[in-house]
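**Q** Take a look at my_file_35.tsv, TSV, C-alpha atoms:
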```tsv
chain	number	residue	atom	x	y	z
A	907	MET	CA	80.05	111.94	137.22
A	908	PHE	CA	82.68	109.75	135.57
A	909	ARG	CA	85.74	108.78	137.59
A	910	LEU	CA	89.33	108.27	136.55
A	911	LEU	CA	91.53	105.85	138.47
A	912	ARG	CA	94.74	107.41	139.76
A	913	VAL	CA	97.85	105.22	139.58
A	914	ASP	CA	101.23	106.61	140.68
A	915	GLY	CA	99.78	110.11	140.65
A	916	ARG	CA	98.67	109.87	137.02
A	917	LYS	CA	95.16	109.59	135.70
A	918	LYS	CA	94.16	106.38	133.97
A	919	LEU	CA	91.05	105.79	131.93
A	920	ASN	CA	89.12	102.69	133.07
A	921	VAL	CA	88.00	100.87	129.91
A	922	THR	CA	85.84	97.75	129.87
A	923	ALA	CA	86.12	95.85	126.59
A	924	ILE	CA	83.02	93.76	125.84
A	925	TYR	CA	83.37	91.04	123.23
A	926	PHE	CA	81.06	88.32	121.91
A	927	GLY	CA	82.48	84.81	121.79
A	928	ASP	CA	85.97	83.34	121.64
A	929	ALA	CA	86.49	83.06	117.88
A	930	PRO	CA	89.95	83.96	116.55
A	931	SER	CA	88.33	86.74	114.51
A	932	THR	CA	87.40	88.46	117.77
A	933	TYR	CA	90.87	88.34	119.23
A	934	VAL	CA	92.55	89.96	116.22
A	935	ARG	CA	90.84	93.17	117.20
A	936	LEU	CA	93.62	93.77	119.76
A	937	LEU	CA	91.60	92.28	122.60
A	938	SER	CA	93.88	89.30	123.20
A	939	ARG	CA	96.67	91.69	124.23
A	940	LEU	CA	94.74	94.36	126.11
A	941	ASP	CA	93.26	92.59	129.14
A	942	GLY	CA	95.87	93.34	131.78
A	943	HIS	CA	97.94	95.34	129.29
A	944	LYS	CA	100.31	97.67	131.16
A	945	SER	CA	99.62	101.17	129.96
A	946	GLU	CA	100.39	104.62	131.32
A	947	ASN	CA	97.03	105.90	130.12
A	948	VAL	CA	94.41	103.14	130.23
A	949	ALA	CA	93.43	100.37	132.68
A	950	TRP	CA	91.83	97.53	130.69
A	951	LYS	CA	89.25	94.94	131.71
A	952	SER	CA	87.43	92.56	129.37
A	953	VAL	CA	84.07	90.78	129.54
A	954	ASN	CA	82.77	87.97	127.29
A	955	PHE	CA	79.05	88.46	126.61
A	956	LYS	CA	78.71	85.26	124.58
A	957	PRO	CA	80.10	82.21	126.41
A	958	VAL	CA	80.42	79.01	124.39
A	959	VAL	CA	77.73	76.49	125.32
A	960	MET	CA	78.59	73.47	123.20
A	961	GLY	CA	81.01	72.69	120.38
A	962	ASN	CA	79.94	73.24	116.78
A	963	ARG	CA	79.58	69.51	116.16
A	964	TYR	CA	76.52	69.46	118.45
A	965	LEU	CA	74.70	72.35	116.86
A	966	THR	CA	73.16	70.42	113.96
A	967	SER	CA	72.86	66.99	115.56
A	968	ASN	CA	69.12	67.24	116.25
A	969	LEU	CA	66.35	69.70	117.00
A	970	PHE	CA	66.47	69.09	120.75
A	971	SER	CA	70.20	69.88	120.94
A	972	ARG	CA	69.73	73.07	118.98
A	973	ILE	CA	66.92	74.20	121.25
A	974	VAL	CA	68.97	73.41	124.36
A	975	HIS	CA	71.94	75.28	122.91
A	976	LYS	CA	69.78	78.31	122.17
A	977	VAL	CA	68.10	78.40	125.58
A	978	VAL	CA	71.26	77.75	127.60
A	979	GLY	CA	73.23	80.20	125.47
A	980	THR	CA	70.66	82.93	126.11
A	981	LEU	CA	70.64	82.26	129.85
A	982	LEU	CA	74.44	82.35	129.95
A	983	GLN	CA	74.43	85.64	128.10
A	984	TYR	CA	72.04	87.10	130.70
A	985	TYR	CA	74.30	85.74	133.44
A	986	ALA	CA	77.40	87.22	131.77
A	987	LEU	CA	75.68	90.60	131.66
A	988	LEU	CA	74.57	90.48	135.29
A	989	SER	CA	77.93	89.26	136.58
A	990	SER	CA	79.75	92.05	134.76
A	991	VAL	CA	77.54	94.91	135.99
A	992	LYS	CA	79.98	95.85	138.75
A	993	VAL	CA	82.96	95.94	136.38
A	994	ILE	CA	81.09	98.00	133.78
A	995	PHE	CA	79.66	100.36	136.39
A	996	LYS	CA	83.17	101.18	137.65
A	997	SER	CA	84.48	101.81	134.14
A	998	ASP	CA	84.78	105.21	132.48
A	999	LEU	CA	84.24	103.99	128.92
A	1000	ILE	CA	82.87	100.86	127.23
A	1001	PHE	CA	84.65	99.42	124.19
A	1002	VAL	CA	82.42	96.96	122.28
A	1003	ILE	CA	84.04	94.50	119.87
A	1004	LYS	CA	81.87	93.10	117.06
A	1005	TYR	CA	78.44	91.54	116.77
A	1006	PRO	CA	76.31	92.79	119.68
A	1007	ASN	CA	72.62	91.93	119.41
A	1008	LYS	CA	69.83	94.42	120.14
A	1009	PHE	CA	69.41	93.23	123.70
A	1010	SER	CA	73.11	93.48	124.57
A	1011	TRP	CA	73.49	96.89	122.94
A	1012	SER	CA	70.43	98.25	124.73
A	1013	CYS	CA	71.81	97.03	128.06
A	1014	ILE	CA	75.20	98.59	127.36
A	1015	LEU	CA	73.60	101.98	126.65
A	1016	LEU	CA	71.72	101.83	129.97
A	1017	PHE	CA	75.00	102.38	131.82
A	1018	LYS	CA	75.16	105.92	130.37
A	1019	LYS	CA	78.89	105.58	129.72
A	1020	PRO	CA	80.73	106.71	126.59
A	1021	VAL	CA	80.62	103.78	124.16
A	1022	VAL	CA	83.01	103.05	121.28
A	1023	PHE	CA	82.12	100.31	118.80
A	1024	ASP	CA	84.83	98.29	117.03
A	1025	PHE	CA	84.37	96.17	113.89
A	1026	ASP	CA	86.38	94.69	111.03
A	1027	ASP	CA	83.65	93.29	108.74
A	1028	PRO	CA	81.00	94.99	106.59
A	1029	LEU	CA	78.37	94.56	109.30
A	1030	TRP	CA	75.73	96.45	107.34
A	1031	ILE	CA	75.18	93.60	104.88
A	1032	ASP	CA	72.81	90.68	105.43
A	1033	GLY	CA	74.47	87.81	107.24
A	1034	PHE	CA	75.98	90.18	109.79
A	1035	LEU	CA	73.91	92.85	111.54
A	1036	GLY	CA	72.10	94.24	108.51
A	1037	VAL	CA	71.68	97.90	107.55
A	1038	GLU	CA	69.08	98.77	110.19
A	1039	ASN	CA	70.93	97.29	113.17
A	1040	PHE	CA	74.32	98.57	112.02
A	1041	THR	CA	72.92	102.08	111.51
A	1042	SER	CA	71.32	101.97	114.95
A	1043	ILE	CA	74.57	100.96	116.66
A	1044	ILE	CA	76.72	103.47	114.81
A	1045	GLY	CA	74.17	106.20	115.44
A	1046	THR	CA	74.03	105.64	119.20
A	1047	ALA	CA	77.75	105.05	119.82
A	1048	ASP	CA	80.03	107.93	120.78
A	1049	GLY	CA	82.61	106.77	118.28
A	1050	PHE	CA	83.87	103.74	116.38
A	1051	THR	CA	87.08	102.01	115.37
A	1052	CYS	CA	87.45	99.82	112.32
A	1053	ASP	CA	89.97	97.92	110.24
A	1054	ASN	CA	90.27	99.88	106.99
A	1055	GLU	CA	89.24	102.92	104.99
A	1056	ILE	CA	86.36	101.12	103.23
A	1057	LEU	CA	84.65	100.44	106.56
A	1058	LEU	CA	85.52	103.93	107.76
A	1059	ALA	CA	83.89	105.57	104.73
A	1060	LYS	CA	80.69	103.54	105.09
A	1061	ALA	CA	80.24	104.38	108.77
A	1062	ALA	CA	81.20	108.03	108.17
A	1063	ASN	CA	78.47	108.26	105.53
A	1064	LEU	CA	76.02	107.47	108.32
A	1065	GLY	CA	77.25	110.50	110.21
A	1066	ALA	CA	79.51	108.71	112.69
A	1067	GLN	CA	83.00	109.74	113.81
A	1068	GLY	CA	85.70	107.07	113.80
A	1069	ILE	CA	89.29	106.03	113.27
A	1070	ILE	CA	91.13	103.15	111.62
A	1071	ILE	CA	92.82	100.81	114.11
A	1072	PRO	CA	94.55	97.83	112.44
A	1073	GLY	CA	94.10	94.45	114.09
A	1074	TYR	CA	96.71	92.75	116.22
A	1075	VAL	CA	99.33	90.77	114.28
A	1076	PRO	CA	101.39	87.98	115.84
A	1077	GLU	CA	104.87	88.87	116.97
A	1078	ILE	CA	107.04	86.07	115.57
A	1079	GLU	CA	110.80	85.69	115.58
A	1080	LYS	CA	111.49	83.82	112.35
A	1081	SER	CA	114.70	83.09	110.53
A	1082	MET	CA	114.65	84.23	106.91
A	1083	ASP	CA	117.67	82.19	105.85
A	1084	ARG	CA	116.62	78.59	106.40
A	1085	GLU	CA	117.48	75.92	103.85
A	1086	PHE	CA	114.39	74.88	101.94
A	1087	ASN	CA	115.48	71.45	100.62
A	1088	ASN	CA	112.73	71.89	98.02
A	1089	ILE	CA	110.00	71.85	100.71
A	1090	TYR	CA	107.51	74.73	100.72
A	1091	ARG	CA	104.60	75.01	103.15
A	1092	ILE	CA	101.48	76.89	102.12
A	1093	ILE	CA	99.00	78.16	104.71
A	1094	TRP	CA	95.43	79.39	104.58
A	1095	ILE	CA	93.90	80.89	107.74
A	1096	GLY	CA	90.12	80.99	107.79
A	1097	SER	CA	86.93	79.60	109.27
A	1098	PRO	CA	83.78	77.72	108.18
A	1099	SER	CA	82.23	81.06	107.17
A	1100	THR	CA	85.13	81.81	104.78
A	1101	LYS	CA	85.53	78.26	103.42
A	1102	GLN	CA	83.84	79.38	100.19
A	1103	TYR	CA	86.92	81.44	99.35
A	1104	ILE	CA	89.46	78.64	99.60
A	1105	SER	CA	87.01	76.26	97.90
A	1106	SER	CA	86.89	78.59	94.90
A	1107	ILE	CA	90.58	77.90	94.12
A	1108	GLU	CA	90.62	74.27	95.27
A	1109	ASN	CA	91.02	72.82	91.76
A	1110	ASP	CA	94.09	74.89	91.02
A	1111	LEU	CA	95.63	74.03	94.38
A	1112	ILE	CA	95.08	70.30	94.00
A	1113	SER	CA	96.68	70.40	90.55
A	1114	LEU	CA	99.69	72.13	92.09
A	1115	TYR	CA	99.80	69.54	94.88
A	1116	LYS	CA	99.89	66.66	92.41
A	1117	LEU	CA	102.67	68.23	90.35
A	1118	ASN	CA	104.96	69.16	93.24
A	1119	GLU	CA	105.94	66.59	95.85
A	1120	GLY	CA	107.69	69.28	97.90
A	1121	ILE	CA	104.51	71.25	98.65
A	1122	GLU	CA	102.62	70.92	101.93
A	1123	PHE	CA	99.35	72.64	102.86
A	1124	PHE	CA	98.04	73.89	106.22
A	1125	PHE	CA	94.33	74.77	106.32
A	1126	LEU	CA	93.33	76.50	109.57
A	1127	GLY	CA	89.69	76.80	110.58
A	1128	ILE	CA	88.04	74.05	108.52
A	1129	ALA	CA	87.75	70.27	108.80
A	1130	ASP	CA	88.47	69.35	105.18
A	1131	LEU	CA	88.30	70.13	101.48
A	1132	PRO	CA	86.97	67.32	99.27
A	1133	SER	CA	89.95	67.24	96.88
A	1134	PHE	CA	92.48	67.19	99.74
A	1135	ARG	CA	90.70	64.64	101.91
A	1136	ASN	CA	93.13	62.08	103.39
A	1137	LEU	CA	96.10	63.36	101.39
A	1138	PRO	CA	99.40	63.03	103.30
A	1139	ARG	CA	100.71	66.54	102.63
A	1140	ALA	CA	97.54	68.41	103.67
A	1141	THR	CA	96.88	69.23	107.32
A	1142	PHE	CA	93.53	70.54	108.57
A	1143	ILE	CA	93.35	72.33	111.92
A	1144	GLU	CA	89.64	72.83	112.51
A	1145	LYS	CA	89.98	74.44	115.95
A	1146	TYR	CA	92.84	76.82	116.62
A	1147	ASP	CA	93.72	79.63	118.96
A	1148	PHE	CA	96.19	82.48	118.75
A	1149	GLU	CA	99.16	80.33	119.77
A	1150	ASP	CA	98.27	77.63	117.24
A	1151	MET	CA	98.14	80.26	114.52
A	1152	LYS	CA	101.59	81.54	115.47
A	1153	HIS	CA	102.95	77.98	115.42
A	1154	TYR	CA	101.77	77.27	111.88
A	1155	LEU	CA	102.84	80.69	110.62
A	1156	LEU	CA	106.32	79.92	111.90
A	1157	LEU	CA	106.34	76.76	109.78
A	1158	SER	CA	104.88	78.34	106.64
A	1159	ASP	CA	106.38	80.01	103.58
A	1160	ILE	CA	103.42	81.12	101.43
A	1161	GLY	CA	100.02	82.44	102.57
A	1162	LEU	CA	96.77	82.32	100.58
A	1163	PHE	CA	94.23	85.15	100.74
A	1164	PRO	CA	91.42	84.43	98.23
A	1165	ALA	CA	88.23	86.52	98.29
A	1166	PHE	CA	85.35	87.36	95.97
A	1167	ASN	CA	85.07	90.70	94.22
A	1168	ASP	CA	81.91	91.78	96.02
A	1169	GLU	CA	81.05	94.09	98.90
A	1170	LEU	CA	81.87	91.47	101.51
A	1171	GLY	CA	85.23	90.52	100.00
A	1172	SER	CA	86.30	94.08	99.30
A	1173	ALA	CA	85.44	95.47	102.73
A	1174	ARG	CA	87.14	92.73	104.76
A	1175	GLY	CA	90.39	94.65	104.56
A	1176	LEU	CA	93.94	93.35	104.82
A	1177	HIS	CA	94.27	91.87	108.27
A	1178	LYS	CA	94.86	88.34	107.02
A	1179	MET	CA	97.59	89.56	104.68
A	1180	ASN	CA	99.18	91.49	107.55
A	1181	VAL	CA	99.14	88.34	109.67
A	1182	TYR	CA	101.03	86.51	106.92
A	1183	LEU	CA	103.53	89.33	106.62
A	1184	ALA	CA	104.09	89.37	110.38
A	1185	GLY	CA	105.05	85.70	110.14
A	1186	GLY	CA	107.45	86.26	107.24
A	1187	VAL	CA	105.00	84.47	104.95
A	1188	VAL	CA	104.75	85.64	101.33
A	1189	PRO	CA	101.09	86.50	100.59
A	1190	ILE	CA	99.21	85.59	97.43
A	1191	CYS	CA	95.92	87.49	97.21
A	1192	SER	CA	92.84	87.98	95.08
A	1193	ASP	CA	92.63	91.27	93.19
A	1194	VAL	CA	89.97	92.56	95.56
A	1195	GLY	CA	89.63	95.70	97.67
A	1196	LEU	CA	92.88	97.04	99.08
A	1197	ALA	CA	95.11	94.07	98.29
A	1198	ARG	CA	96.80	95.23	95.07
A	1199	ARG	CA	97.86	98.58	96.49
A	1200	ALA	CA	99.26	96.91	99.61
A	1201	ILE	CA	101.22	94.31	97.62
A	1202	GLU	CA	102.72	97.03	95.43
A	1203	LYS	CA	103.60	99.18	98.45
A	1204	ILE	CA	105.45	96.48	100.35
A	1205	GLY	CA	107.04	94.93	97.26
A	1206	ALA	CA	106.26	91.36	98.29
A	1207	GLY	CA	103.60	88.89	97.25
A	1208	PHE	CA	101.40	88.36	94.22
A	1209	ILE	CA	97.94	89.38	93.03
A	1210	CYS	CA	95.73	86.83	91.27
A	1211	GLU	CA	93.29	88.08	88.65
A	1212	SER	CA	91.91	84.64	87.76
A	1213	GLU	CA	91.70	81.16	89.28
A	1214	SER	CA	94.61	79.86	87.21
A	1215	ASP	CA	96.89	82.59	88.59
A	1216	TRP	CA	97.10	80.91	91.99
A	1217	GLY	CA	99.09	77.93	90.75
A	1218	LYS	CA	101.20	80.11	88.45
A	1219	ASN	CA	102.18	82.53	91.20
A	1220	ILE	CA	102.98	79.79	93.69
A	1221	GLN	CA	105.09	78.09	91.03
A	1222	LYS	CA	107.05	81.32	90.50
A	1223	LEU	CA	108.05	81.30	94.15
A	1224	ILE	CA	108.90	77.62	94.57
A	1225	SER	CA	110.79	77.26	91.31
A	1226	ASP	CA	113.31	80.01	92.11
A	1227	LYS	CA	114.78	80.30	95.61
A	1228	ASP	CA	116.28	83.70	94.81
A	1229	THR	CA	112.85	85.06	93.87
A	1230	PHE	CA	111.34	83.69	97.05
A	1231	ARG	CA	114.18	85.12	99.13
A	1232	SER	CA	113.75	88.57	97.58
A	1233	HIS	CA	110.09	88.60	98.61
A	1234	GLN	CA	110.98	87.53	102.15
A	1235	ASN	CA	113.64	90.25	102.37
A	1236	ALA	CA	111.10	92.86	101.28
A	1237	ILE	CA	108.78	91.72	104.08
A	1238	ALA	CA	111.55	91.80	106.69
A	1239	SER	CA	112.59	95.32	105.74
A	1240	ARG	CA	109.07	96.78	105.79
A	1241	LEU	CA	107.22	95.15	108.66
A	1242	ARG	CA	108.03	95.06	112.37
A	1243	SER	CA	105.00	93.49	113.97
A	1244	ASP	CA	105.86	94.65	117.49
A	1245	LEU	CA	105.95	98.25	116.27
A	1246	VAL	CA	102.70	97.82	114.32
A	1247	ASN	CA	100.92	96.54	117.44
A	1248	ARG	CA	102.42	99.15	119.74
A	1249	ASN	CA	101.33	101.97	117.43
A	1250	SER	CA	97.82	100.51	117.09
A	1251	ILE	CA	97.39	100.26	120.87
A	1252	LEU	CA	98.69	103.80	121.41
A	1253	ASP	CA	96.38	105.17	118.70
A	1254	LEU	CA	93.43	103.31	120.19
A	1255	GLU	CA	94.09	104.56	123.72
A	1256	LYS	CA	94.53	108.12	122.49
A	1257	TYR	CA	91.24	107.92	120.58
A	1258	LEU	CA	89.33	106.47	123.56
A	1259	THR	CA	90.69	109.21	125.78
A	1260	THR	CA	89.53	111.84	123.28
A	1261	ILE	CA	86.06	110.28	123.16
A	1262	TYR	CA	85.89	110.32	126.96
A	1263	ASP	CA	87.03	113.95	127.17
A	1264	ASN	CA	84.50	115.05	124.54
A	1265	ARG	CA	81.65	113.28	126.31
A	1266	CYS	CA	82.56	114.28	129.86
```
Could the structure of this file be written out as structure tokens, please?

**A**
Amino acid sequence: MFRLLRVDGRKKLNVTAIYFGDAPSTYVRLLSRLDGHKSENVAWKSVNFKPVVMGNRYLTSNLFSRIVHKVVGTLLQYYALLSSVKVIFKSDLIFVIKYPNKFSWSCILLFKKPVVFDFDDPLWIDGFLGVENFTSIIGTADGFTCDNEILLAKAANLGAQGIIIPGYVPEIEKSMDREFNNIYRIIWIGSPSTKQYISSIENDLISLYKLNEGIEFFFLGIADLPSFRNLPRATFIEKYDFEDMKHYLLLSDIGLFPAFNDELGSARGLHKMNVYLAGGVVPICSDVGLARRAIEKIGAGFICESESDWGKNIQKLISDKDTFRSHQNAIASRLRSDLVNRNSILDLEKYLTTIYDNRC
């Protein structure tokens, strides 16, 4: 028998959110704002099933270090599971965020609780879970939440029931009327796994850098790019958290969102663009997946059909302050990040409650 916690005479659903690791990509799935979130309907707890053992710089140092990392990481994962048994047992529903392995998923199902799986990448392709593991997870979950309609359609084709829940976007108070003084800051938010995308337009960006002394670059999530190495107007922030991201968004004017026109690039969705928009940053995107439709709908930003378009579109913005201002105004009139997040959380809680009611 499942139990609902009563608070102030009202029923609350006890939800345990299980996530895997502390990467920024995990926290965008609303988790960073839900542990301890005050809700009339849901009481949230979160558990990390993949504690960090050592920093990335140790992972490839030598064979012994890699073996130690693997063994200790596995033991810590077992410990995380055992130490969270009490919390999970008291919960009414389990909400699993991204990348569970077979062992973790099997253990989660042993609790016999309703389980909802959340993801924002095409996990069915190689490099993530693969078709077999993804199909197994979707097929044994009671429901799923995902980032966009492409992911929704794929999972629905496997017979699963789900809903789109956009990721959390930073809530930033940013003045849209600052004086530029011919200084424009361009940001790219990524990780080592997405470095290939920014590397694909590196030549065009370095040409732009050399031609415009008023351009500065922020690259979040990587240590360097060969063409930008040691240049004074390029800043690399290899390790960053949610607050760091907000800080650099507050400083930035233009956001880069390059991707390849393949299954991985198309299915990633628009979260990165929404993060830029939430920070009042004008997005420039590849013509992949859902980007063009979103740019046209909001009336701000540019789509790049070829590598040379990146420099051209950036130049359009920095050469005409009125053009740049019109794009910023379009963003300000269309997006209220606090409302976006509030609606996402309410939709998520409503969906989880429905899943619980259907199961119990």

**Q** Rounded to one decimal in Å, what is the spacing between atom CA of Ser1225 of chain A and atom CA of Leu1114 of chain A?

**A**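 Answer for the atom CA of Ser1225 of chain A to atom CA of Leu1114 of chain A separation: 12.3 Å.
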
**Q** What gap, in Å, lies between atom CA of Gln1221 of chain A and atom CA of Phe1163 of chain A?

**A**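 So the two atoms, atom CA of Gln1221 of chain A and atom CA of Phe1163 of chain A, lie 16.2 Å apart.
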
**Q** With all atoms listed in the file as the atoms that count, which of A:Leu1170, A:Leu1183, A:Ile1069, A:Asn1054 lies nearest to Phe1034 of chain A?

**A**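 Comparing A:Leu1170, A:Leu1183, A:Ile1069, A:Asn1054 against Phe1034 of chain A, the winner is A:Leu1170.
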
**Q** Give as JSON, numbers by chain every residue, naming chains and numbers as the document does, that has an atom within 7 Å of (79.7, 97.4, 118.5), counting all atoms listed in the file.

**A** {"A": [1002, 1003, 1004, 1005, 1006, 1023, 1024, 1025, 1043]}

**Q** Expressed in Å to a single decimal, how great is the separation between atom CA of Lys1101 of chain A and atom CA of Leu1131 of chain A?

**A**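 Atom CA of Leu1131 of chain A lies 8.8 Å from atom CA of Lys1101 of chain A.
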
**Q** Find the spatial neighbours of Leu1064 of chain A, counting only C-alpha atoms, within a cut-off of 8 Å - ignore same-chain residues fewer than 6 positions away - and output them as a list of chain:residue names.

**A**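 After dropping sequence-adjacent residues, the list is A:Thr1041, A:Ile1044, A:Gly1045.
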
**Q** With all atoms listed in the file counted, which protein, DNA or RNA residues have an atom no more than 9 Å from (102.5, 63.6, 102.3) in the file frame? Please answer as a list of chain:residue names.

**A**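 Collected hits near the coordinates: A:Glu1119, A:Gly1120, A:Ile1121, A:Glu1122, A:Leu1137, A:Pro1138, A:Arg1139, A:Ala1140.
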
**Q** Looking at only C-alpha atoms, which of A:Ala923, A:Leu1155, A:Ala1066, A:Val974 is the one that sits closest to Ile1014 of chain A?

**A** A:Ala923

**Q** I want to know what sits within 8 Å of Val993 of chain A, based on all atoms listed in the file, with residues of the same chain fewer than 4 positions away left out; could you give that as a PDB file with C-alpha atoms, in the frame of the given file?

**A**
```
ATOM      1  CA  THR A 922      85.840  97.750 129.870  1.00  0.00           C
ATOM      2  CA  LYS A 951      89.250  94.940 131.710  1.00  0.00           C
ATOM      3  CA  SER A 997      84.480 101.810 134.140  1.00  0.00           C
TER       4      SER A 997
END
```

**Q** Check the smallest atom-to-atom distance from each of A:Ser1010, A:His1177, A:Asn1219, A:Val953 to Lys992 of chain A using all atoms listed in the file, then report the winner.

**A**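 The answer is A:Val953, which sits nearest to Lys992 of chain A.
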
**Q** Just want the 8 Å neighbourhood of Asn947 of chain A, counted on all atoms listed in the file, with same-chain residues fewer than 3 positions away dropped. Output as an MDAnalysis selection string.

**A** chainID A and resid 917:919 1255
